[in-house]
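Q: Can you read through this structure? Questions will come right after.
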Amino acid sequence: MSPEILTLFMFSGLLLGLFMGHPLAFVLGGVAVLGAWLGPGAKTLGIIINNIYGNAMDNYVLVAIPLFILMARFLNDSGVTEKMFETMRLLLANLRGGLALTVVIVSVLLAATTGIVGASIAVMGMIALVPMLKYGYNKHLSAGVIMASGCLGILIPPSIMLILMASYSPVSVGELFAGALVPGLMLGFMYALYVLIICHIKPSYGPLVPAEEQAEISSGKLLKMLVTYVLPPMALILGVLGSLFTGIATATEASAIGVTIAFLLFLIFGDRKLSTCYRTMIEASKTTTMVMLVLVGATAFTGVFSIGGGMDVIHTVVMAMPGGNVGALILMFFLIFILGMFLDWTGIVLLSFPIMLPIIESMGVDMLWFVVMVAVVLQTSFLTPPFGYALFYLKGVAPDGVETLDLYRAVVPFCLLIVLACMLIAFFPVLATGLPSVLLSR
């Protein structure tokens with residue numbers, strides 16, 4: 001089988017398997033086996049097995065993934081996130097659109113502490129969507145801000161996605177964490193600014209919190225809630241990122257620090273039941289297993305694809321784009337955007353990086369800037385139909401009256417804001433490369 005036909009077969013098989021509803025990990029692995037048999041030969045599988053062990057199973061950096069997942073589960077099961085939201089909601093009670101703004105702020109804090117998109121959107125959906133609709137907020141604004149802000153968990157460090165990206169690129173975890181921090185906070189700021197502007201233009205979109213509810217809580221009690229429920233998660237952020245950026249700890253060691261702090265918060269705010277702790281460990285293990293299975297399947301897929309000559313085919317197509325390097329970059333980002341409609345970030349990173357990074361290196365493009373740009377573009381992978389996971393997460397907890405079409409409409413302005421953020425980073429690369437240069441002396 002020629003490299004061109006092998007390329008068409010493998011990607012067609014991938015899409016067919018996904019549309020049939022099979023799990024991504026097994027589709028990747030199955031297509032890899034068929035591709036090896038039809039293309040370079042069954043003996044290729046022995047090489048692929050060695051690659052899986054050497055590049056994935058024996059990668060020390062990837063130890064951080066189960067640790068950060070466990071950290072997120074401990075923090076989520078402690079219940080502190082719900083109390084943090086209530087505190088911020090009351091703090092911004094006199095601001096029009098304050099509830100939506102609270103969702104953005106708390107989601108940024110959750111992103112910097114948990115990094116699990118499904119958990120963030122589910123938590124915000126359960127504790128914020130019903131009150132927002134109850135107090136007269138526009139349902140499209142309410143749903144859109146919850147979904148878009150919840151997706152910041154894969155961009156703002158500590159992020160499991162960034163760790164996986166670093167393990168497949170020449171960029172270190174510390175550089176990538178520092179590089180993604182400013183774009184992540186910038187997106188959060190853009191969401192907050194959009195909320196303030198739309199609620200100013202259309203006051204009915206974001207009514208104020210009723211005066212009766214504000215009167216029920218004193219300034220002293222609000223300050224106590226702020227110290228009790230907002231500062232502890234901030235300590236977790238400083239503990240993880242501070243130890244990493246100052247060079248005290250590696251990404252793996254920083255993840256262990258995060259687990260320790262999150263476990264302490266679980267002991268302080270959680271129910272401290274052994275059954276809850278056991279359930280937390282089981283759920284963290286399930287998530288870790290899912291990520292690692294996809295990692296194995298994607299390593300096999302890209303290995304067969306590379307040996308069969310598919311990399312050369314893609315390289316030829318990309319470099320033949322009009323506009324030179326600019327045209328090639330636009331094509332790659334567009335392909336990642338399209339893949340985001342059908343795959344989650346794990347599959348996209350593991351499929352695209354082995355193919356695109358060698359092309360980027362040959363073009364002389366700053367690798368850190370490119371990886372951060374991919375991370376920002378991947379924000380859309382949770383929001384774009386038909387398989388936008390954020391849409392499914394929120395639909396699962398949304399009350400009656402919020403339909404799937406409402407969710408599709410709700411994400412449109414936030415997808416446009418993500419595109420705007422990408423344009424800003426493209427024209428001003430310092431947004432991605434500036435902080436790593438200062439902190440890590442690139």
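Identifiers in the structure tokens: chain A, B, ... in order shown; residue index from 1 per chain; ligand index from 1 in order shown.
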Any idea what's packed within 9 Å of region 413-425 of chain A, counting only C-alpha atoms, ignoring anything in its chain fewer than 3 positions away? Could you give it as a list of chain:residue names?
A: A:Gly144, A:Val145, A:Ala148, A:Pro183, A:Met186, A:Leu187, A:Met190, A:Tyr191, A:Tyr194, A:Trp369, A:Met373, A:Val376, A:Val377, A:Gln379, A:Thr380, A:Leu383, A:Thr384, A:Arg409, A:Ala410, A:Phe428, A:Pro429, A:Val430, A:Leu431, A:Ala432
Q: Taking only C-alpha atoms into account, which of A:Val27, A:Ile198, A:Ile348, A:Leu90 comes nearest Glu216 (chain A)?
A: A:Leu90
Q: Could you pull out all residues of region 12-208 of chain A with a DSSP call of helix (DSSP H, G or I) and give them as a ChimeraX atom specification?
A: /A:12-19,24-38,44-57,60-78,80-91,98-111,117-134,139-154,160-167,173-201,203-205
Q: Would you please work out which residue, of A:Gly97, A:Gly179, A:Pro207, A:Gly35, is nearest to Ser437 (chain A) when using only C-alpha atoms?
A: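 Closest residue, counting only C-alpha atoms: A:Gly179.
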Q: Calculated over only C-alpha atoms, which of the candidates A:Glu82, A:His22, A:Leu329, A:Met88 has the smallest distance to Val227 (chain A)?
A: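 The closest residue to Val227 (chain A) is A:Met88.
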Q: Return the single residue from A:Val349, A:Leu439, A:Ile330, A:Val230 that is closest to Val106 (chain A), with distances computed using only C-alpha atoms.
A: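 Closest candidate: A:Val230.
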Q: When you look at Met341 (chain A) with a cut-off of 12 Å (counting only C-alpha atoms), what residues show up, excluding the ones that are within fewer than 5 positions of it in the same chain? I need them as number ranges by chain.
A: A: 15, 18-19, 334-336, 347-348, 377-391
Q: Using C-alpha atoms, can you write the selected residues to a file as a short mmCIF file (atom, residue, chain, number, x, y, z; two decimals), in the first residue's frame?
A:
data_model
loop_
_atom_site.label_atom_id
_atom_site.label_comp_id
_atom_site.auth_asym_id
_atom_site.auth_seq_id
_atom_site.Cartn_x
_atom_site.Cartn_y
_atom_site.Cartn_z
CA LEU A 15 -13.32 8.76 11.62
CA LEU A 18 -15.46 7.25 16.07
CA PHE A 19 -18.76 7.76 14.23
CA PHE A 334 -7.42 24.88 11.00
CA LEU A 335 -6.91 21.09 11.01
CA ILE A 336 -6.61 21.13 14.81
CA GLY A 347 -6.38 12.28 20.88
CA ILE A 348 -5.66 15.53 19.04
CA VAL A 377 -7.01 26.55 19.72
CA LEU A 378 -7.87 23.35 21.61
CA GLN A 379 -10.16 25.40 23.85
CA THR A 380 -12.63 25.07 20.99
CA SER A 381 -12.43 21.26 21.04
CA PHE A 382 -14.80 21.22 24.03
CA LEU A 383 -17.19 23.81 22.60
CA THR A 384 -17.71 22.99 18.92
CA PRO A 385 -20.46 20.56 17.83
CA PRO A 386 -21.16 17.80 17.05
CA PHE A 387 -18.93 16.22 19.73
CA GLY A 388 -18.15 19.20 21.99
CA TYR A 389 -17.74 17.60 25.39
CA ALA A 390 -18.65 20.80 27.25
CA LEU A 391 -22.04 20.72 25.54
#
Q: Might you pull out every residue within 8 Å of region 281-287 of chain A, with only C-alpha atoms counted and same-chain residues fewer than 4 positions away left off, and present them as a count of residues only?
A: 6
Q: Select, from A:Gly98, A:Gly220, A:Gly30, A:Gly258, the residue with the minimum atom-to-atom distance to Ile65 (chain A), counting only C-alpha atoms.
A: A:Gly258
